[in-house]
Amino acid sequence: MAELTYRDAVAAGIAQEMERDERVVFLGEDVAAAGGVFKATVGLLEKFGPRRVRDCPISEQAILGATMGAAMTGLRPIAEIMFSDFLAVCWDIVANEIAKMRYMTNGQIQLPLVIRTANGAGSRFGAQHSQSVENWAMAVPGIKVVAPAFPADVKGLLAAAVRDPDPVLFFEQKSLYAMKGEVPDGECIDELGKANVLRSGKDCTIVALAAMVHRALGAAEILEKEHGISCTVVDVRSLVPLDTRTILSEVVKTGRLVTVEENPRLCGWGAEVASIVTEECFWDLDGPIVRITTPHVPLPSADQLEDNTIPSVERIVREIRQKID
Amino acid sequence: MAELTYRDAVAAGIAQEMERDERVVFLGEDVAAAGGVFKATVGLLEKFGPRRVRDCPISEQAILGATMGAAMTGLRPIAEIMFSDFLAVCWDIVANEIAKMRYMTNGQIQLPLVIRTANGAGSRFGAQHSQSVENWAMAVPGIKVVAPAFPADVKGLLAAAVRDPDPVLFFEQKSLYAMKGEVPDGECIDELGKANVLRSGKDCTIVALAAMVHRALGAAEILEKEHGISCTVVDVRSLVPLDTRTILSEVVKTGRLVTVEENPRLCGWGAEVASIVTEECFWDLDGPIVRITTPHVPLPSADQLEDNTIPSVERIVREIRQKID
Amino acid sequence: MDTTVKRKKTESPEIEIGRETRLELYRLQVELRYCEKRAYDLFLQNLVKGTSHLSLGQEAIAAAFGVAMRPDDWTFCTYRGHAHTLARGASMAGVLGELMGRECGLLGGKGGSMHLTDVTHGAMGSYAIIGAHLPVAAGAAWSAQYRGTEQVAVCFFGDGTTNIGAFHESLNFSAVWQLPVVFVCENNLYMEYTPIHAVTAVKNPAADRASAYGLESILIDGNDADAVYRTAVECMTRARKGGGPALIEAVTYRHSGHSRADPAKYRPDGELEKWLERDPVKIYRERLLHLGFTEGTLQDIEAEVTRKVDEATAIAKASPTPSLDGIERNVWADGGAAWRN
Amino acid sequence: MDTTVKRKKTESPEIEIGRETRLELYRLQVELRYCEKRAYDLFLQNLVKGTSHLSLGQEAIAAAFGVAMRPDDWTFCTYRGHAHTLARGASMAGVLGELMGRECGLLGGKGGSMHLTDVTHGAMGSYAIIGAHLPVAAGAAWSAQYRGTEQVAVCFFGDGTTNIGAFHESLNFSAVWQLPVVFVCENNLYMEYTPIHAVTAVKNPAADRASAYGLESILIDGNDADAVYRTAVECMTRARKGGGPALIEAVTYRHSGHSRADPAKYRPDGELEKWLERDPVKIYRERLLHLGFTEGTLQDIEAEVTRKVDEATAIAKASPTPSLDGIERNVWADGGAAWRN
Ligand SMILES: Cc1ncc(C[n+]2csc(CCOP(=O)(O)OP(=O)(O)O)c2C)c(N)n1
Ligand SMILES: Cc1ncc(C[n+]2csc(CCOP(=O)(O)OP(=O)(O)O)c2C)c(N)n1
Ligand SMILES: [Mg+2]
Ligand SMILES: [Mg+2]
């Protein structure tokens with residue numbers, strides 16, 4: 001076990017796969033010579049050379065289109081879209097081309113590719129550089145969606161994404177890049193579509209994703225110690241495929257569900273989870289489902305405004321105390 | 001009262017507003033000389049001239065960007081995006097620019113604009129020309145989202161959208177363009193954010209949108225006559241703002257909720273409605289919430305495949321019989 | 001728009017076109033013509049579902065590239081892609097079957113007319129959203145370059161497509177990376193119903209923009225299969241050798257409306273008639289006679305193609321509608337559509 | 001990239017620059033320079049939140065346009081927009097306050113450095129996603145044209161922005177509609193950290209592409225405020241009179257890194273030094289002395305600007321953090337954020 005930051009786990013995951021498989025190539029803006037604006041890909045150019053690690057013009061449609069074309073003809077490309085907000089400028093390639101190609105061609109075309117992108121708030125970057133847009137991707141059939149919360153998951157899930165025969169959108173959480181954690185030595189490979197139960201309780205099941213996992217854990221700690229409310233915390237990790245089995249079985253155990261979402265409220269993944277739970281284990285619920293989300297507003301930039309917009313540990317504690325009891 | 005088709009109600013709504021207000025202009029691809037590929041804007045060029053009704057190059061980003069720039073400097077433009085699927089090529093302008101501008105500038109910039117687009121399946125056009133993407137828009141704070149099911153609503157809601165000081169994304173349902181209905185004579189102006197209760201029942205509340213409203217009504221008829229199940233049918237009409245008051249009060253009356261969505265399952269508007277209902281009137285529910293949606297797949301094109309993918313009257317009847325009783 | 005086509009400076013008259021090749025160019029044009037006509041007849045019989053965009057009048061371009069390409073080269077085309085897909089050798093019954101929504105369709109009825117694809121013949125998809133396939137073709141070219149296979153990606157699109165952002169990004173990207181991709185703009189003078197000159201700042205939407213990507217301006221007569229063939233050979237040869245991308249503007253005209261729904265009333269009087277005189281199939285037939293091929297040889301080709309189209313039609317008509325199981329198949333590589341466990 | 005700038009053929013030496021205008025050009029450059037330096041000092045004191053992109057070294061462009069524009073003209077700029085916003089007369093305390101996340105900020109702390117906007121002064125927004133504001137500027141120009149007001153929209157962006165799709169769409173659209181919009185590419189030789197020549201198929205990313213939109217190729221020295229001013233006057237005058245859009249490439253250099261986070265280690269040795277010699281403020285100061293303005297006059301201007309910057313800093317520092325109510329304000333025109341009843 002080595003201790004790595006979340007950002008170093010990205011580079012380690014990519015390096016592991018590039019070493020293993022010559023077909024793996026990596027492209028994006030400022031990713032090669034500069035090692036990425038978040039420094040998550042430092043060293044890859046030096047290790048694998050400019051043939052495999054490539055800087056691109058500011059042309060997101062070309063980047064993802066080229067990624068798609070390369071994937072359908074035998075490569076296994078990894079593309080970086082610098083901020084997930086910028087998926088909007090190439091959304092056609094993601095949502096209409098990559099996601100639909102296999103289905104429309106009845107399986108003739110296979111797209112083993114990964115799109116990595118920095119997602120989420122916390123850096124005071126304002127409304128165009130702070131969004132959590134994993135729900136945009138979840139709404140589109142044909143693309144897998146992953147969002148790790150820990151360095152070990154970053155490396156293992158990234159490797160799994162690269163090896164997966166289907167396109168994967170890999171959301172890295174900006175606010176977690178500096179976070180440290182244990183990462184297994186040697187080859188590290190995880191499985192897509194598995195949620196992790198990080199803590200078991202009896203009063204309430206909190207389901208969270210990415211940065212919100214840490215806040216949910218923080219809140220669960222306080223709820224247990226200070227308020228005698230015992231919570232299960234589930235880290236979803238993968239929105240598509242979604243590990244409904246784990247989620248449903250944990251909800252059934254506590255009878256209550258709280259989702260914690262960094263995205264603005266409407267049509268977030270938590271809504272989908274809530275609708276599955278009320279449809280499939282309605283009779284096991286002991287009370288309303290609670291969704292704790294960012295309010296349905298674009299994100300403000302000033303530090304205090306931003307901090308009071310995305311769900312905080314305090315807000316999670318407060319809402320659970322008010323609504324679950 | 002005159003009988004108009006849904007498509008003619010579009011032209012009538014635009015004409016009414018252009019006559020009233022010189023600031024209203026209209027632009028899009030093939031909309032002027034050709035009257036639109038769905039013939040929904042026939043006659044406008046002849047009536048208002050090429051200064052106000054303009055054909056554009058295939059440049060959706062330019063079209064919506066120009067719409068935005070015109071709106072912030074005193075015009076009230078209406079733009080057409082030919083198929084809603086193409087919102088993906090200009091999604092940045094919709095989701096990152098138009099939707100966020102007022103908030104980011106703390107109210108300095110106002111964007112009274114309307115984006116009209118043809119949405120939905122039923123024409124055997126395949127996966128890139130048949131999507132229901134209203135949930136993409138609903139997920140983005142800062143843009144209003146309307147989807148009428150009847151010609152009268154088309155005209156009245158379009159007028160309301162044009163007069164609204166905020167940006168509105170107006171989804172016209174392709175499969176309804178040929179539908180006829182009564183439209184009030186004279187000035188016709190409706191209100192955004194109001195759902196309509198089209199039928200009252202006691203066993204179950206069906207909440208539907210656009211084309212699905214007609215199928216829900218058809219199903220309710222059969223359920224009542226043939227199976228003795230009496231259903232309320234609510235036409236949502238406007239996703240943002242959402243008339244939760246009407247929806248919640250109708251759900252409380254029957255104790256059961258079924259949503260009927262044309263969109264693929266994950267993160268559809270029905271998930272949001274379901275999550276609101278379980279959060280806010282959990283104790284009034286007599287059983288699980290049921291979502292009837294298109295399965296989470298891109299749409300196939302062949303007629304029988306398409307017909308068996310989007311929710312049909314028969315499927316709605318079947319699912320309600322199985323799950324509500 | 002002035003539709004007279006200057007001879008481009010690189011027309012390579014030195015590229016010899018042999019007699020076999022000439023016959024093949026004719027045969028393929030006839031095949032594309034007859035198959036599109038059959039598609040049109042099938043609409044009239046209400047057997048074609050959804051929309052369709054015919055290449056009637058534009059066959060020389062698809063045919064010439066079809067003949068010039070190596071079997072392992074890749075084609076990327078648009079919703080107006082029947083001809084380009086057939087030209088690579090895709091099954092005609094598969095094409096007609098797909099238009100009719102039958103099980104024998106190239107895509108099992110899941111894609112329809114706008115998405116014809118036959119990977120085994122290098123037809124890497126038909127794309128229905130303007131501009132999207134240009135970067136995809138660039139990506140395929142990148143993969144050929146990376147693997148050193150000397151394959152070329154050929155990407156067809158219309159004049160209207162030159163005004164969308166993806167065009168610009170793809171051209172610059174391909175030029176900077178020196179990718180083996182040939183972009184072919186079929187300038188048929190119209191986007192859907194709007195004349196291209198009404199919405200474009202330059203006269204020749206592709207040729208006048210080549211310099212913005214450091215590329216040579218190539219403007220050719222898209223109704224002359226030989227001119228297209230020579231240009232295709234020249235550009236593909238250069239691309240294979242590492243000489244980078246090319247952007248070709250081939251001027252042509254579609255004889256029918258934009259799509260099935262379009263009676264094409266927006267065309268000025270006489271325009272169609274003028275272009276019918278320059279019908280590529282007619283021109284090429286005359287040229288072959290002039291070059292000494294016999295009427296009998298050409299009639300044999302025509303008869304053979306008619307038989308082929310009839311056979312394909314019969315197969316497609318006999319094919320059942322697709323099984324409903326297909327709806328939840330092939331979202332994922334495991335063959336299924338599951339988004340949950 | 002060769003950074004020597006040819007004099008463009010339309011440099012209009014006939015446009016006279018009066019002495020008052022020259023002083024104003026100097027004053028404004030100094031103001032932009034000092035304010036950016038202050039912003040930098042405030043980072044170092046950890047008082048600036050989030051990111052910031054300085055225009056140090058690029059002031060001549062924003063200043064010259066600021067002086068040349070009519071009060072009712074519109075500016076559209078990028079995340080690197082402090083200078084362009086200030087140059088229109090926006091409150092300096094409002095700018096610094098916004099960087100610091102204070103209530104007195106132009107946007108009440110809701111937008112931050114990357115979104116500075118002051119509609120009352122025609123600063124119609126700073127846009128942080130590459131390319132997005134080009135069509136928005138075109139739309140403003142359309143509205144001016146429609147209403148016959150002779151206003152002009154000026155749109156600033158970087159060299160890297162010329163490779164994104166929205167650039168292409170906007171230029172073509174504006175040219176076809178003959179809109180009164182002036183596109184100004186500030187070519188500072190780099191996108192974020194990547195040299196522009198490494199990712200661009202032509203030498204001059206904007207000037208070499210003007211012809212693709214039927215526009216004149218305009219390449220100027222962006223560090224020479226007079227050259228920029230003359231070009232601005234000429235292009236805006238033509239646009240006001242219905243002569244359509246212009247695309248200007250102004251070559252310049254940023255003295256600091258791309259953003260606050262960037263130490264700019266990727267620059268070759270000596271490059272910065274070379275450009276510091278061509279510092280626009282320094283050049284212009286020397287020119288004014290050469291033209292007979294006294295050292296005293298210039299020092300007075302500098303002292304006055306220093307006072308202004310100090311005052312603005314004091315106001316911003318004294319301003320409280322924004323009220324949390326703002327979070328749910330101004331999503332909609334009714335002032336609120338309600339998405340339901
Ligand atoms: C992004 C996008 N915008 C609009 C359309 C609708 N559309 C389909 S074909 C077409 C015209 C295309 O013209 P051109 O590129 O000249 O090709 P042609 O049809 O003439 O072969 C348009 C506007 C689309 N499919 N995608
Ligand atoms: C669509 C998009 N892609 C990438 C970025 C990240 N990004 C911000 S600034 C920048 C470089 C822009 O370079 P240039 O246009 O030359 O402007 P400069 O910063 O040099 O003024 C990049 C890539 C972005 N903001 N938007
Ligand atoms: Mg065309
Ligand atoms: Mg730059």
# chains A, B, ... in the order shown; residues from 1 in each chain; ligands from 1
$ residues_around --residues "Arg329 in chain D" --least-positions-apart "4" --cutoff "10 Å" --atoms "only C-alpha atoms" --output "ChimeraX atom specification"
/A:297 /B:102-103,106-107 /D:110,324-325,333-338
$ write_last_selection --atoms "N, CA and C atoms" --output "PDB file, in the first residue's frame"
ATOM      1  N   VAL A 297     -29.969  26.263  -8.516  1.00  0.00           N
ATOM      2  CA  VAL A 297     -29.418  27.548  -8.971  1.00  0.00           C
ATOM      3  C   VAL A 297     -28.058  27.286  -9.627  1.00  0.00           C
TER       4      VAL A 297
ATOM      5  N   ARG B 102     -28.157  35.531 -16.154  1.00  0.00           N
ATOM      6  CA  ARG B 102     -28.787  36.444 -15.198  1.00  0.00           C
ATOM      7  C   ARG B 102     -28.198  36.229 -13.805  1.00  0.00           C
ATOM      8  N   TYR B 103     -28.046  35.007 -13.428  1.00  0.00           N
ATOM      9  CA  TYR B 103     -27.556  34.706 -12.081  1.00  0.00           C
ATOM     10  C   TYR B 103     -26.124  35.202 -11.903  1.00  0.00           C
ATOM     11  N   ASN B 106     -25.755  38.734 -11.495  1.00  0.00           N
ATOM     12  CA  ASN B 106     -26.596  39.219 -10.398  1.00  0.00           C
ATOM     13  C   ASN B 106     -27.748  40.084 -10.904  1.00  0.00           C
ATOM     14  N   GLY B 107     -28.305  39.643 -12.016  1.00  0.00           N
ATOM     15  CA  GLY B 107     -29.512  40.305 -12.512  1.00  0.00           C
ATOM     16  C   GLY B 107     -29.268  41.418 -13.503  1.00  0.00           C
TER      17      GLY B 107
ATOM     18  N   LYS D 110     -21.297  36.954  -7.082  1.00  0.00           N
ATOM     19  CA  LYS D 110     -21.898  35.758  -7.677  1.00  0.00           C
ATOM     20  C   LYS D 110     -21.184  35.265  -8.929  1.00  0.00           C
ATOM     21  N   LEU D 324     -25.957  35.940   2.380  1.00  0.00           N
ATOM     22  CA  LEU D 324     -26.269  34.601   1.875  1.00  0.00           C
ATOM     23  C   LEU D 324     -27.597  34.554   1.125  1.00  0.00           C
ATOM     24  N   ASP D 325     -28.423  35.558   1.335  1.00  0.00           N
ATOM     25  CA  ASP D 325     -29.689  35.606   0.577  1.00  0.00           C
ATOM     26  C   ASP D 325     -29.449  35.550  -0.925  1.00  0.00           C
ATOM     27  N   ALA D 333     -36.179  36.658 -13.585  1.00  0.00           N
ATOM     28  CA  ALA D 333     -36.431  38.092 -13.647  1.00  0.00           C
ATOM     29  C   ALA D 333     -37.263  38.586 -12.464  1.00  0.00           C
ATOM     30  N   ASP D 334     -38.003  37.708 -11.804  1.00  0.00           N
ATOM     31  CA  ASP D 334     -38.760  38.161 -10.620  1.00  0.00           C
ATOM     32  C   ASP D 334     -37.853  38.288  -9.411  1.00  0.00           C
ATOM     33  N   GLY D 335     -36.579  38.048  -9.616  1.00  0.00           N
ATOM     34  CA  GLY D 335     -35.616  38.211  -8.537  1.00  0.00           C
ATOM     35  C   GLY D 335     -35.375  36.956  -7.734  1.00  0.00           C
ATOM     36  N   GLY D 336     -36.188  35.937  -7.948  1.00  0.00           N
ATOM     37  CA  GLY D 336     -36.080  34.735  -7.133  1.00  0.00           C
ATOM     38  C   GLY D 336     -35.463  33.544  -7.835  1.00  0.00           C
ATOM     39  N   ALA D 337     -35.646  32.384  -7.205  1.00  0.00           N
ATOM     40  CA  ALA D 337     -35.060  31.148  -7.741  1.00  0.00           C
ATOM     41  C   ALA D 337     -36.082  30.018  -7.754  1.00  0.00           C
ATOM     42  N   ALA D 338     -37.361  30.378  -7.633  1.00  0.00           N
ATOM     43  CA  ALA D 338     -38.363  29.321  -7.477  1.00  0.00           C
ATOM     44  C   ALA D 338     -38.563  28.543  -8.765  1.00  0.00           C
TER      45      ALA D 338
END
$ residues_around --residues "Leu99 in chain D" --least-positions-apart "4" --cutoff "7 Å" --atoms "only C-alpha atoms" --output "list of chain:residue names"
D:Val48, D:Lys49, D:Val95, D:Gly112, D:Ser113
$ write_last_selection --atoms "all heavy atoms" --output "PDB file, in the first residue's frame"
ATOM      1  N   VAL D  48      -7.830  37.406  -2.791  1.00  0.00           N
ATOM      2  CA  VAL D  48      -8.597  37.106  -3.997  1.00  0.00           C
ATOM      3  C   VAL D  48      -9.008  35.642  -3.944  1.00  0.00           C
ATOM      4  O   VAL D  48      -8.190  34.774  -3.670  1.00  0.00           O
ATOM      5  CB  VAL D  48      -7.764  37.386  -5.257  1.00  0.00           C
ATOM      6  CG1 VAL D  48      -8.473  36.854  -6.502  1.00  0.00           C
ATOM      7  CG2 VAL D  48      -7.508  38.877  -5.393  1.00  0.00           C
ATOM      8  N   LYS D  49     -10.263  35.393  -4.186  1.00  0.00           N
ATOM      9  CA  LYS D  49     -10.766  34.018  -4.140  1.00  0.00           C
ATOM     10  C   LYS D  49     -10.817  33.467  -5.559  1.00  0.00           C
ATOM     11  O   LYS D  49     -11.004  34.203  -6.519  1.00  0.00           O
ATOM     12  CB  LYS D  49     -12.184  34.004  -3.562  1.00  0.00           C
ATOM     13  CG  LYS D  49     -12.345  34.836  -2.304  1.00  0.00           C
ATOM     14  CD  LYS D  49     -11.449  34.326  -1.197  1.00  0.00           C
ATOM     15  CE  LYS D  49     -11.540  35.243   0.018  1.00  0.00           C
ATOM     16  NZ  LYS D  49     -10.646  34.793   1.104  1.00  0.00           N
ATOM     17  N   VAL D  95     -14.695  45.943  -9.596  1.00  0.00           N
ATOM     18  CA  VAL D  95     -13.881  44.869 -10.168  1.00  0.00           C
ATOM     19  C   VAL D  95     -13.086  44.163  -9.069  1.00  0.00           C
ATOM     20  O   VAL D  95     -13.145  42.942  -8.911  1.00  0.00           O
ATOM     21  CB  VAL D  95     -12.939  45.418 -11.264  1.00  0.00           C
ATOM     22  CG1 VAL D  95     -11.911  44.368 -11.676  1.00  0.00           C
ATOM     23  CG2 VAL D  95     -13.749  45.883 -12.477  1.00  0.00           C
ATOM     24  N   GLY D 112     -17.606  36.379  -9.919  1.00  0.00           N
ATOM     25  CA  GLY D 112     -16.167  36.232  -9.762  1.00  0.00           C
ATOM     26  C   GLY D 112     -15.401  36.827 -10.927  1.00  0.00           C
ATOM     27  O   GLY D 112     -15.969  37.379 -11.871  1.00  0.00           O
ATOM     28  N   SER D 113     -14.086  36.688 -10.826  1.00  0.00           N
ATOM     29  CA  SER D 113     -13.151  37.265 -11.795  1.00  0.00           C
ATOM     30  C   SER D 113     -13.494  36.944 -13.245  1.00  0.00           C
ATOM     31  O   SER D 113     -13.290  37.759 -14.141  1.00  0.00           O
ATOM     32  CB  SER D 113     -11.757  36.714 -11.490  1.00  0.00           C
ATOM     33  OG  SER D 113     -10.922  36.773 -12.608  1.00  0.00           O
TER      34      SER D 113
END
$ residues_near_ligand --ligand "ligand 3" --cutoff "7 Å" --atoms "only C-alpha atoms and all ligand atoms" --output "list of chain:residue names"
C:Gly158, C:Asp159, C:Gly160, C:Glu186, C:Asn187, C:Asn188, C:Leu189, C:Tyr190, C:Met191, C:Glu192
$ write_last_selection --atoms "N, CA, C and O atoms" --output "PDB file, in the first residue's frame"
ATOM      1  N   GLY C 158     -22.014  17.527 -46.977  1.00  0.00           N
ATOM      2  CA  GLY C 158     -22.576  18.495 -47.911  1.00  0.00           C
ATOM      3  C   GLY C 158     -22.023  19.897 -47.718  1.00  0.00           C
ATOM      4  O   GLY C 158     -21.302  20.190 -46.765  1.00  0.00           O
ATOM      5  N   ASP C 159     -22.396  20.768 -48.643  1.00  0.00           N
ATOM      6  CA  ASP C 159     -21.994  22.166 -48.590  1.00  0.00           C
ATOM      7  C   ASP C 159     -22.462  22.847 -47.301  1.00  0.00           C
ATOM      8  O   ASP C 159     -21.724  23.624 -46.676  1.00  0.00           O
ATOM      9  N   GLY C 160     -23.680  22.531 -46.889  1.00  0.00           N
ATOM     10  CA  GLY C 160     -24.228  23.182 -45.693  1.00  0.00           C
ATOM     11  C   GLY C 160     -23.406  22.881 -44.454  1.00  0.00           C
ATOM     12  O   GLY C 160     -23.374  23.674 -43.499  1.00  0.00           O
ATOM     13  N   GLU C 186     -19.527  17.483 -50.866  1.00  0.00           N
ATOM     14  CA  GLU C 186     -20.383  17.369 -52.051  1.00  0.00           C
ATOM     15  C   GLU C 186     -21.255  18.615 -52.080  1.00  0.00           C
ATOM     16  O   GLU C 186     -22.260  18.700 -51.389  1.00  0.00           O
ATOM     17  N   ASN C 187     -20.830  19.571 -52.864  1.00  0.00           N
ATOM     18  CA  ASN C 187     -21.587  20.819 -52.935  1.00  0.00           C
ATOM     19  C   ASN C 187     -22.713  20.669 -53.951  1.00  0.00           C
ATOM     20  O   ASN C 187     -22.509  20.796 -55.146  1.00  0.00           O
ATOM     21  N   ASN C 188     -23.909  20.410 -53.405  1.00  0.00           N
ATOM     22  CA  ASN C 188     -25.078  20.260 -54.285  1.00  0.00           C
ATOM     23  C   ASN C 188     -25.943  21.529 -54.272  1.00  0.00           C
ATOM     24  O   ASN C 188     -27.124  21.483 -54.605  1.00  0.00           O
ATOM     25  N   LEU C 189     -25.344  22.611 -53.852  1.00  0.00           N
ATOM     26  CA  LEU C 189     -25.910  23.971 -53.924  1.00  0.00           C
ATOM     27  C   LEU C 189     -26.978  24.302 -52.881  1.00  0.00           C
ATOM     28  O   LEU C 189     -27.381  25.451 -52.756  1.00  0.00           O
ATOM     29  N   TYR C 190     -27.428  23.316 -52.129  1.00  0.00           N
ATOM     30  CA  TYR C 190     -28.474  23.573 -51.139  1.00  0.00           C
ATOM     31  C   TYR C 190     -28.154  22.895 -49.815  1.00  0.00           C
ATOM     32  O   TYR C 190     -27.553  21.816 -49.807  1.00  0.00           O
ATOM     33  N   MET C 191     -28.579  23.509 -48.727  1.00  0.00           N
ATOM     34  CA  MET C 191     -28.641  22.767 -47.483  1.00  0.00           C
ATOM     35  C   MET C 191     -29.961  21.980 -47.555  1.00  0.00           C
ATOM     36  O   MET C 191     -30.091  21.145 -48.456  1.00  0.00           O
ATOM     37  N   GLU C 192     -30.941  22.159 -46.650  1.00  0.00           N
ATOM     38  CA  GLU C 192     -32.162  21.395 -46.922  1.00  0.00           C
ATOM     39  C   GLU C 192     -32.902  22.088 -48.074  1.00  0.00           C
ATOM     40  O   GLU C 192     -32.950  21.585 -49.185  1.00  0.00           O
TER      41      GLU C 192
END
$ residues_around --residues "Gln304 in chain B" --least-positions-apart "4" --cutoff "10 Å" --atoms "only C-alpha atoms" --output "ChimeraX atom specification"
/B:124,300,308-309 /C:101-102,109,321-324,327
$ atom_distance --atom1 "CA of Ile324 in chain B" --atom2 "CA of Leu248 in chain B"
18.0 Å
$ closest_residue --among "D:Thr51, D:Asn223, D:Asn341, D:Gln58" --to "chain A" --atoms "only C-alpha atoms"
D:Thr51
$ closest_residue --among "B:Lys155, B:Arg116, B:His129, B:Arg20" --to "chain C" --atoms "only C-alpha atoms"
B:His129
$ closest_residue --among "A:Met18, A:Leu257, A:Ala70, A:Ile81" --to "ligand 2" --atoms "only C-alpha atoms and all ligand atoms"
A:Ile81
$ interface_residues --of "chain D" --to "chain C" --cutoff "9 Å" --atoms "only C-alpha atoms" --output "short mmCIF file (atom, residue, chain, number, x, y, z; two decimals) with N, CA and C atoms, in the first residue's frame"
data_model
loop_
_atom_site.label_atom_id
_atom_site.label_comp_id
_atom_site.auth_asym_id
_atom_site.auth_seq_id
_atom_site.Cartn_x
_atom_site.Cartn_y
_atom_site.Cartn_z
N ASN D 163 -9.57 28.05 -32.69
CA ASN D 163 -9.68 26.65 -33.11
C ASN D 163 -10.98 25.98 -32.67
N ILE D 164 -11.85 26.73 -32.02
CA ILE D 164 -13.10 26.10 -31.57
C ILE D 164 -14.22 26.42 -32.55
N GLY D 165 -15.19 25.51 -32.60
CA GLY D 165 -16.25 25.61 -33.58
C GLY D 165 -17.02 26.92 -33.56
N ALA D 166 -17.28 27.45 -32.38
CA ALA D 166 -18.09 28.66 -32.28
C ALA D 166 -17.44 29.85 -32.99
N PHE D 167 -16.12 29.86 -33.05
CA PHE D 167 -15.42 30.91 -33.78
C PHE D 167 -15.87 30.90 -35.24
N HIS D 168 -15.80 29.74 -35.83
CA HIS D 168 -16.13 29.57 -37.24
C HIS D 168 -17.60 29.95 -37.51
N GLU D 169 -18.48 29.43 -36.72
CA GLU D 169 -19.90 29.72 -36.93
C GLU D 169 -20.19 31.21 -36.82
N LEU D 171 -18.12 33.81 -37.19
CA LEU D 171 -17.55 34.64 -38.25
C LEU D 171 -18.39 34.53 -39.52
N ASN D 172 -18.75 33.30 -39.88
CA ASN D 172 -19.56 33.15 -41.09
C ASN D 172 -20.91 33.84 -40.94
N PHE D 173 -21.54 33.60 -39.81
CA PHE D 173 -22.87 34.18 -39.54
C PHE D 173 -22.81 35.71 -39.63
N SER D 174 -21.82 36.29 -38.99
CA SER D 174 -21.71 37.75 -38.97
C SER D 174 -21.43 38.31 -40.35
N ALA D 175 -20.63 37.57 -41.11
CA ALA D 175 -20.30 38.05 -42.45
C ALA D 175 -21.53 37.97 -43.36
N VAL D 176 -22.26 36.88 -43.27
CA VAL D 176 -23.44 36.72 -44.13
C VAL D 176 -24.49 37.78 -43.80
N TRP D 177 -24.68 38.06 -42.53
CA TRP D 177 -25.67 39.05 -42.12
C TRP D 177 -25.11 40.47 -42.11
N ALA D 198 1.65 25.05 -31.94
CA ALA D 198 1.66 23.59 -31.84
C ALA D 198 0.30 22.98 -32.17
N VAL D 199 -0.71 23.80 -32.20
CA VAL D 199 -2.08 23.26 -32.35
C VAL D 199 -2.87 23.96 -33.44
N THR D 200 -2.19 24.71 -34.28
CA THR D 200 -2.90 25.50 -35.29
C THR D 200 -2.26 25.30 -36.65
N ALA D 201 -3.12 25.13 -37.65
CA ALA D 201 -2.63 24.75 -38.98
C ALA D 201 -2.08 25.93 -39.77
N VAL D 202 -2.32 27.15 -39.30
CA VAL D 202 -1.80 28.31 -40.02
C VAL D 202 -0.94 29.13 -39.06
N LYS D 203 -0.16 30.02 -39.62
CA LYS D 203 0.75 30.79 -38.80
C LYS D 203 0.00 31.81 -37.95
N PRO D 205 -3.40 32.67 -36.47
CA PRO D 205 -4.65 31.92 -36.29
C PRO D 205 -5.91 32.68 -36.71
N ALA D 206 -5.90 34.00 -36.61
CA ALA D 206 -7.08 34.74 -37.04
C ALA D 206 -6.86 35.34 -38.42
N ASP D 208 -4.95 34.66 -40.85
CA ASP D 208 -4.86 33.72 -41.98
C ASP D 208 -6.19 33.03 -42.26
N ARG D 209 -7.19 33.32 -41.46
CA ARG D 209 -8.49 32.69 -41.67
C ARG D 209 -9.57 33.68 -42.08
N ALA D 210 -9.22 34.96 -42.11
CA ALA D 210 -10.23 35.97 -42.43
C ALA D 210 -10.85 35.69 -43.80
N SER D 211 -10.03 35.25 -44.74
CA SER D 211 -10.55 35.04 -46.10
C SER D 211 -11.59 33.93 -46.14
N ALA D 212 -11.59 33.06 -45.17
CA ALA D 212 -12.59 31.99 -45.15
C ALA D 212 -13.98 32.55 -44.88
N TYR D 213 -14.02 33.82 -44.50
CA TYR D 213 -15.30 34.48 -44.24
C TYR D 213 -15.46 35.71 -45.13
N GLY D 214 -14.66 35.74 -46.17
CA GLY D 214 -14.73 36.87 -47.09
C GLY D 214 -14.25 38.17 -46.48
N LEU D 215 -13.46 38.09 -45.43
CA LEU D 215 -13.01 39.30 -44.74
C LEU D 215 -11.56 39.61 -45.06
#
